[in-house]
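Below is the file entry.pdb, which contains PDB, C-alpha atoms and all ligand atoms.
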```pdb
ATOM      1  CA  MET H  13     108.245  84.110 102.102
ATOM      2  CA  GLY H  14     110.360  81.342 103.550
ATOM      3  CA  ASN H  15     107.744  78.751 102.791
ATOM      4  CA  LYS H  16     109.649  75.745 101.506
ATOM      5  CA  THR H  17     106.680  73.865 100.154
ATOM      6  CA  THR H  18     105.865  76.576  97.597
ATOM      7  CA  LYS H  19     109.337  76.141  96.240
ATOM      8  CA  SER H  20     109.482  72.420  95.822
ATOM      9  CA  SER H  21     105.907  71.483  95.071
ATOM     10  CA  LEU H  22     103.028  73.093  93.348
ATOM     11  CA  ASP H  23      99.924  73.881  95.352
ATOM     12  CA  PRO H  24      97.249  71.421  94.097
ATOM     13  CA  THR H  25      94.664  74.184  93.753
ATOM     14  CA  LEU H  26      97.022  76.212  91.624
ATOM     15  CA  LEU H  27      97.856  73.125  89.606
ATOM     16  CA  ASP H  28      94.164  72.595  88.890
ATOM     17  CA  LYS H  29      93.750  76.213  87.948
ATOM     18  CA  LEU H  30      96.726  76.105  85.599
ATOM     19  CA  THR H  31      95.533  72.884  84.002
ATOM     20  CA  GLU H  32      92.243  74.574  83.278
ATOM     21  CA  GLU H  33      93.675  77.874  82.068
ATOM     22  CA  THR H  34      96.349  76.442  79.815
ATOM     23  CA  GLY H  35      94.849  73.125  78.753
ATOM     24  CA  LEU H  36      98.178  71.457  79.540
ATOM     25  CA  GLU H  37      98.497  68.103  81.293
ATOM     26  CA  ARG H  38      99.503  68.147  84.959
ATOM     27  CA  GLU H  39     102.734  66.296  84.198
ATOM     28  CA  VAL H  40     103.662  68.876  81.598
ATOM     29  CA  ILE H  41     103.018  71.714  84.015
ATOM     30  CA  ILE H  42     105.115  70.047  86.689
ATOM     31  CA  ALA H  43     107.951  69.569  84.213
ATOM     32  CA  TRP H  44     107.748  73.220  83.150
ATOM     33  CA  ARG H  45     107.851  74.267  86.756
ATOM     34  CA  LYS H  46     111.001  72.259  87.320
ATOM     35  CA  GLN H  47     112.623  73.930  84.352
ATOM     36  CA  PHE H  48     111.428  77.344  85.476
ATOM     37  CA  LEU H  49     112.841  76.877  88.970
ATOM     38  CA  SER H  50     116.127  75.511  87.728
ATOM     39  CA  ALA H  51     116.533  78.712  85.721
ATOM     40  CA  CYS H  52     115.419  80.894  88.608
ATOM     41  CA  SER H  53     115.387  79.345  92.064
ATOM     42  CA  SER H  54     113.455  82.197  93.695
ATOM     43  CA  GLY H  55     110.561  81.500  91.325
ATOM     44  CA  LYS H  56     110.298  85.166  90.364
ATOM     45  CA  MET H  57     112.135  86.251  87.266
ATOM     46  CA  ASN H  58     113.309  89.759  86.641
ATOM     47  CA  ARG H  59     113.919  90.960  83.076
ATOM     48  CA  LYS H  60     117.418  89.551  82.968
ATOM     49  CA  ASP H  61     116.403  86.096  84.226
ATOM     50  CA  PHE H  62     113.482  86.075  81.864
ATOM     51  CA  PHE H  63     115.610  87.027  78.900
ATOM     52  CA  LYS H  64     118.000  84.152  79.560
ATOM     53  CA  PHE H  65     115.183  81.704  80.046
ATOM     54  CA  TYR H  66     113.050  82.785  77.101
ATOM     55  CA  ARG H  67     116.040  82.844  74.820
ATOM     56  CA  SER H  68     116.776  79.241  75.705
ATOM     57  CA  LEU H  69     113.329  78.377  74.334
ATOM     58  CA  ARG H  70     113.839  80.145  71.009
ATOM     59  CA  MET H  71     116.275  79.668  68.211
ATOM     60  CA  GLU H  72     117.075  83.207  67.106
ATOM     61  CA  SER H  73     120.325  84.914  68.061
ATOM     62  CA  ASP H  74     120.652  87.003  71.228
ATOM     63  CA  ASP H  75     120.571  90.352  69.509
ATOM     64  CA  LYS H  76     117.432  89.605  67.631
ATOM     65  CA  VAL H  77     115.552  88.247  70.596
ATOM     66  CA  LYS H  78     116.577  90.865  73.114
ATOM     67  CA  GLU H  79     114.240  93.665  72.174
ATOM     68  CA  ILE H  80     111.183  91.541  71.593
ATOM     69  CA  VAL H  81     111.721  89.747  74.902
ATOM     70  CA  ASN H  82     111.497  93.104  76.638
ATOM     71  CA  PHE H  83     108.050  93.608  75.184
ATOM     72  CA  ILE H  84     107.031  90.057  75.963
ATOM     73  CA  PHE H  85     108.151  90.499  79.548
ATOM     74  CA  THR H  86     105.785  93.430  79.970
ATOM     75  CA  ALA H  87     102.911  91.458  78.485
ATOM     76  CA  PHE H  88     103.540  88.374  80.632
ATOM     77  CA  ASP H  89     103.904  90.418  83.820
ATOM     78  CA  ARG H  90     100.172  90.668  84.270
ATOM     79  CA  ASP H  91     100.214  92.344  87.680
ATOM     80  CA  SER H  92     102.991  94.742  86.564
ATOM     81  CA  ASN H  93     105.169  94.094  89.603
ATOM     82  CA  GLY H  94     108.364  93.819  87.570
ATOM     83  CA  LYS H  95     108.688  90.052  88.094
ATOM     84  CA  ILE H  96     107.318  87.073  86.285
ATOM     85  CA  ASP H  97     106.236  84.259  88.533
ATOM     86  CA  PHE H  98     105.583  80.718  87.369
ATOM     87  CA  GLU H  99     101.871  81.213  86.911
ATOM     88  CA  GLU H 100     102.362  84.294  84.744
ATOM     89  CA  PHE H 101     105.025  82.544  82.741
ATOM     90  CA  LEU H 102     103.081  79.354  82.172
ATOM     91  CA  CYS H 103      99.868  81.099  81.152
ATOM     92  CA  GLY H 104     101.763  83.481  78.908
ATOM     93  CA  TYR H 105     103.886  80.869  77.261
ATOM     94  CA  ALA H 106     101.173  78.240  76.879
ATOM     95  CA  ILE H 107      98.637  80.674  75.501
ATOM     96  CA  THR H 108     101.006  82.415  73.124
ATOM     97  CA  SER H 109     102.171  79.104  71.706
ATOM     98  CA  LEU H 110      99.111  76.856  71.983
ATOM     99  CA  GLY H 111      96.146  79.155  72.529
ATOM    100  CA  THR H 112      93.389  80.132  70.144
ATOM    101  CA  MET H 113      93.926  83.093  67.856
ATOM    102  CA  ARG H 114      91.774  85.279  70.094
ATOM    103  CA  GLN H 115      93.729  84.335  73.230
ATOM    104  CA  LYS H 116      97.011  85.005  71.469
ATOM    105  CA  LEU H 117      95.796  88.365  70.256
ATOM    106  CA  GLU H 118      94.995  89.434  73.796
ATOM    107  CA  TYR H 119      98.648  88.907  74.672
ATOM    108  CA  VAL H 120      99.736  90.618  71.489
ATOM    109  CA  PHE H 121      97.593  93.574  72.495
ATOM    110  CA  ALA H 122      99.368  93.682  75.863
ATOM    111  CA  ILE H 123     102.725  93.648  74.102
ATOM    112  CA  TYR H 124     101.860  96.740  72.084
ATOM    113  CA  ASP H 125     100.125  98.573  74.882
ATOM    114  CA  LYS H 126     103.341  99.406  76.657
ATOM    115  CA  ASP H 127     101.893 102.037  79.007
ATOM    116  CA  LYS H 128      98.976  99.716  79.826
ATOM    117  CA  ASN H 129      96.310 102.360  79.261
ATOM    118  CA  ASN H 130      94.152  99.876  77.314
ATOM    119  CA  SER H 131      94.756 101.366  73.920
ATOM    120  CA  ILE H 132      97.484 101.192  71.321
ATOM    121  CA  ASP H 133      98.702 104.339  69.623
ATOM    122  CA  ARG H 134     100.851 104.462  66.490
ATOM    123  CA  LYS H 135     104.046 105.162  68.396
ATOM    124  CA  GLU H 136     103.566 102.105  70.556
ATOM    125  CA  MET H 137     102.935  99.937  67.553
ATOM    126  CA  VAL H 138     105.912 101.265  65.596
ATOM    127  CA  ARG H 139     108.291 100.446  68.456
ATOM    128  CA  VAL H 140     107.229  96.845  68.704
ATOM    129  CA  MET H 141     106.937  96.459  64.954
ATOM    130  CA  SER H 142     110.555  97.603  64.540
ATOM    131  CA  ALA H 143     111.655  95.001  67.062
ATOM    132  CA  MET H 144     109.759  92.367  65.109
ATOM    133  CA  TYR H 145     111.403  93.419  61.864
ATOM    134  CA  ASP H 146     114.741  92.950  63.592
ATOM    135  CA  LEU H 147     113.659  89.578  64.906
ATOM    136  CA  SER H 148     112.693  88.285  61.498
ATOM    137  CA  GLY H 149     115.511  90.044  59.639
ATOM    138  CA  LYS H 150     113.017  91.937  57.466
ATOM    139  CA  SER H 151     114.320  95.007  55.668
ATOM    140  CA  LYS H 152     112.998  98.307  56.989
ATOM    141  CA  ASP H 153     113.694 100.124  53.728
ATOM    142  CA  GLU H 154     111.358  98.121  51.598
ATOM    143  CA  TYR H 155     108.300  98.489  53.780
ATOM    144  CA  PRO H 156     109.093 100.751  56.741
ATOM    145  CA  PRO H 157     107.439  99.844  60.044
ATOM    146  CA  GLU H 158     105.794 103.297  60.088
ATOM    147  CA  ARG H 159     104.063 102.594  56.801
ATOM    148  CA  CYS H 160     103.088  99.134  57.912
ATOM    149  CA  VAL H 161     101.547 100.586  61.075
ATOM    150  CA  ASN H 162      99.623 103.150  59.021
ATOM    151  CA  ASP H 163      98.252 100.361  56.873
ATOM    152  CA  VAL H 164      97.230  98.319  59.902
ATOM    153  CA  PHE H 165      95.545 101.349  61.479
ATOM    154  CA  SER H 166      93.653 102.237  58.334
ATOM    155  CA  LEU H 167      92.250  98.710  58.303
ATOM    156  CA  ILE H 168      91.337  98.167  61.924
ATOM    157  CA  ASP H 169      91.037 101.584  63.622
ATOM    158  CA  VAL H 170      87.329 101.509  62.950
ATOM    159  CA  ASN H 171      86.354 104.809  64.593
ATOM    160  CA  ASN H 172      89.433 106.527  63.215
ATOM    161  CA  ASP H 173      90.576 108.099  66.478
ATOM    162  CA  HIS H 174      94.224 107.080  65.946
ATOM    163  CA  SER H 175      94.201 104.568  68.738
ATOM    164  CA  LEU H 176      93.186 100.935  68.963
ATOM    165  CA  THR H 177      91.085  99.598  71.779
ATOM    166  CA  LYS H 178      91.447  95.941  72.644
ATOM    167  CA  ASP H 179      88.200  95.217  70.814
ATOM    168  CA  GLU H 180      89.250  97.061  67.684
ATOM    169  CA  PHE H 181      92.573  95.272  67.739
ATOM    170  CA  VAL H 182      91.372  91.731  68.439
ATOM    171  CA  GLU H 183      88.266  91.877  66.224
ATOM    172  CA  GLY H 184      90.137  93.730  63.489
ATOM    173  CA  VAL H 185      92.891  91.159  63.256
ATOM    174  CA  LEU H 186      90.408  88.267  63.456
ATOM    175  CA  LYS H 187      88.531  89.796  60.521
ATOM    176  CA  ASN H 188      91.740  90.310  58.553
ATOM    177  CA  PRO H 189      93.672  87.182  59.473
ATOM    178  CA  TYR H 190      96.623  87.932  57.213
ATOM    179  CA  ILE H 191      97.440  90.904  59.457
ATOM    180  CA  SER H 192      98.210  88.540  62.302
ATOM    181  CA  ASP H 193     101.368  87.422  60.509
ATOM    182  CA  ILE H 194     102.440  91.050  60.542
ATOM    183  CA  VAL H 195     101.425  92.063  64.040
ATOM    184  CA  SER H 196     101.979  88.933  66.103
ATOM    185  CA  PRO H 197     105.375  87.664  67.228
ATOM    186  CA  PHE H 198     103.690  84.420  68.285
ATOM    187  CA  ASN H 199     102.864  82.908  64.916
ATOM    188  CA  GLN H 200     106.190  81.280  64.166
TER     189      GLN H 200
HETATM  190 CA    CA V   1     104.220  89.774  87.961
HETATM  191 CA    CA V   2      98.842 102.466  75.250
HETATM  192 CA    CA V   3      90.064 103.529  67.474
END
```

What is this file in structure tokens?
Amino acid sequence: MGNKTTKSSLDPTLLDKLTEETGLEREVIIAWRKQFLSACSSGKMNRKDFFKFYRSLRMESDDKVKEIVNFIFTAFDRDSNGKIDFEEFLCGYAITSLGTMRQKLEYVFAIYDKDKNNSIDRKEMVRVMSAMYDLSGKSKDEYPPERCVNDVFSLIDVNNDHSLTKDEFVEGVLKNPYISDIVSPFNQ
């Protein structure tokens, strides 16, 4: 707290770490940080700040983005302290837009696993899936999210215990790549 240098410049060790984790160039990271701080001078975004900021990076209308951003917030907030700091944001954003399929799926898993108990149940998946239908403007009558979730579970819930571990989820989607278009909000 009250340390001015953390506000204006990035700690070189952290910069190195972020370069390594995200694969982004230092200049790009510094530019992102500027943008992040101009949207939120304290450097820690709450849900409202994050919504405004994330929305400015996407093209969909407010209504459509709102719900999904809530889920994304939870996934990006890795230490679950209710705030997203620059490191959490940069890793989340870089990985979900530029990462490998496996890296993206780990974030997708975190989006679905709302109660963070390391498994996804049907209810959790239906909630996020509905938000994604809204985001993409897909009709819920034609192929209801509940049915879609059942189909996904029957494919990748290997031990049939009605919940998906991270392994089941990530490996299952990697084995059935077309599912990733259905389950991941990060493919567009
Ligand atoms: Ca946090
Ligand atoms: Ca869960
Ligand atoms: Ca299972």

**Request:** List, as an MDAnalysis selection string, every residue that the PyMOL selection byres (((chain H and resi 76-79) around 6) and not hetatm) selects in the file provided.
**Result:** chainID H and resid 73:75 80:82 143 146:147

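Minimum atom-to-atom distance to Phe88 in chain H, evaluated using all atoms listed in the file, belongs to H:Glu100 out of H:Glu180, H:Glu100, H:Asp133, H:Asp28.
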
What box, with edges along x, y and z, holds each listed atom of range 53-71 of chain H when 3 Å is added on every side, and can you state its centre and edge lengths in Å to one decimal, as lines of an AutoDock Vina configuration file?
```
center_x = 114.1
center_y = 84.7
center_z = 81.0
size_x = 13.7
size_y = 18.6
size_z = 31.5
```

**Within 8 Å of ligand CA 3 (chain V), counting only C-alpha atoms and all ligand atoms, residues as a ChimeraX atom specification** = /H:168-177,180

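Neighbours of Glu33 in chain H closer than or equal to 12 Å, with only C-alpha atoms counted and sequence neighbours fewer than 5 positions away skipped, come out as Leu26, Leu27, Asp28, Arg38, Ile41, Glu99, Glu100, Leu102, Cys103, Gly104, Tyr105, Ala106, Ile107, Leu110, Gly111 and Gln115 of chain H.
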
Next, the residues of the selection above should be written as a tab-separated table (two decimals), in the coordinates of the input with C-alpha atoms.
```tsv
chain	number	residue	atom	x	y	z
H	26	LEU	CA	97.02	76.21	91.62
H	27	LEU	CA	97.86	73.12	89.61
H	28	ASP	CA	94.16	72.60	88.89
H	38	ARG	CA	99.50	68.15	84.96
H	41	ILE	CA	103.02	71.71	84.02
H	99	GLU	CA	101.87	81.21	86.91
H	100	GLU	CA	102.36	84.29	84.74
H	102	LEU	CA	103.08	79.35	82.17
H	103	CYS	CA	99.87	81.10	81.15
H	104	GLY	CA	101.76	83.48	78.91
H	105	TYR	CA	103.89	80.87	77.26
H	106	ALA	CA	101.17	78.24	76.88
H	107	ILE	CA	98.64	80.67	75.50
H	110	LEU	CA	99.11	76.86	71.98
H	111	GLY	CA	96.15	79.16	72.53
H	115	GLN	CA	93.73	84.34	73.23
```

**Message:** Taking only C-alpha atoms and all ligand atoms into account, which residues have an atom no farther than 9 Å from ligand CA 1 (chain V)? I'd like them as a PyMOL selection string.
**Reply:** chain H and resi 56-57+86+88-97+99-101

**Fill in**
Min atom-atom distance to ligand CA 2 (chain V) from the set H:Val164, H:Ala43, H:Ile132, H:Val195, counting only C-alpha atoms and all ligand atoms, belongs to H:Ile132

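Residues of protein, DNA or RNA lying at most 8 Å from ligand CA 2 (chain V), when only C-alpha atoms and all ligand atoms are considered, are H:Tyr124, H:Asp125, H:Lys126, H:Asp127, H:Lys128, H:Asn129, H:Asn130, H:Ser131, H:Ile132, H:Asp133, H:Glu136.
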
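When CA of Arg70 in chain H is paired with CA of Glu39 in chain H, their separation reads 22.1 Å.
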
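When all atoms listed in the file are used to measure the gap to Val185 in chain H, the shortest distance among H:Leu117, H:Tyr145, H:Gly55, H:Pro24 belongs to H:Leu117.
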
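With all atoms listed in the file as the basis for measurement, H:Phe98 is the residue among H:Val40, H:Glu32, H:Arg134, H:Phe98 that approaches Asn58 in chain H most closely.
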
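Comparing H:Leu167, H:Val182, H:Met113, H:Met141 by their smallest distance to Ile194 in chain H, the closest is H:Met141 (using only C-alpha atoms).
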
Residues near Thr108 in chain H, anyone? I mean within 8 Å using all atoms listed in the file, not counting same-chain ones fewer than 5 positions away, as a compact mmCIF listing (two decimals) with C-alpha atoms, keeping the file's coordinate frame.
```
# COMPACT_ATOMS: atom_id res chain seq x y z
CA GLN H 115 93.73 84.34 73.23
CA LYS H 116 97.01 85.00 71.47
CA TYR H 119 98.65 88.91 74.67
CA PHE H 198 103.69 84.42 68.28
```
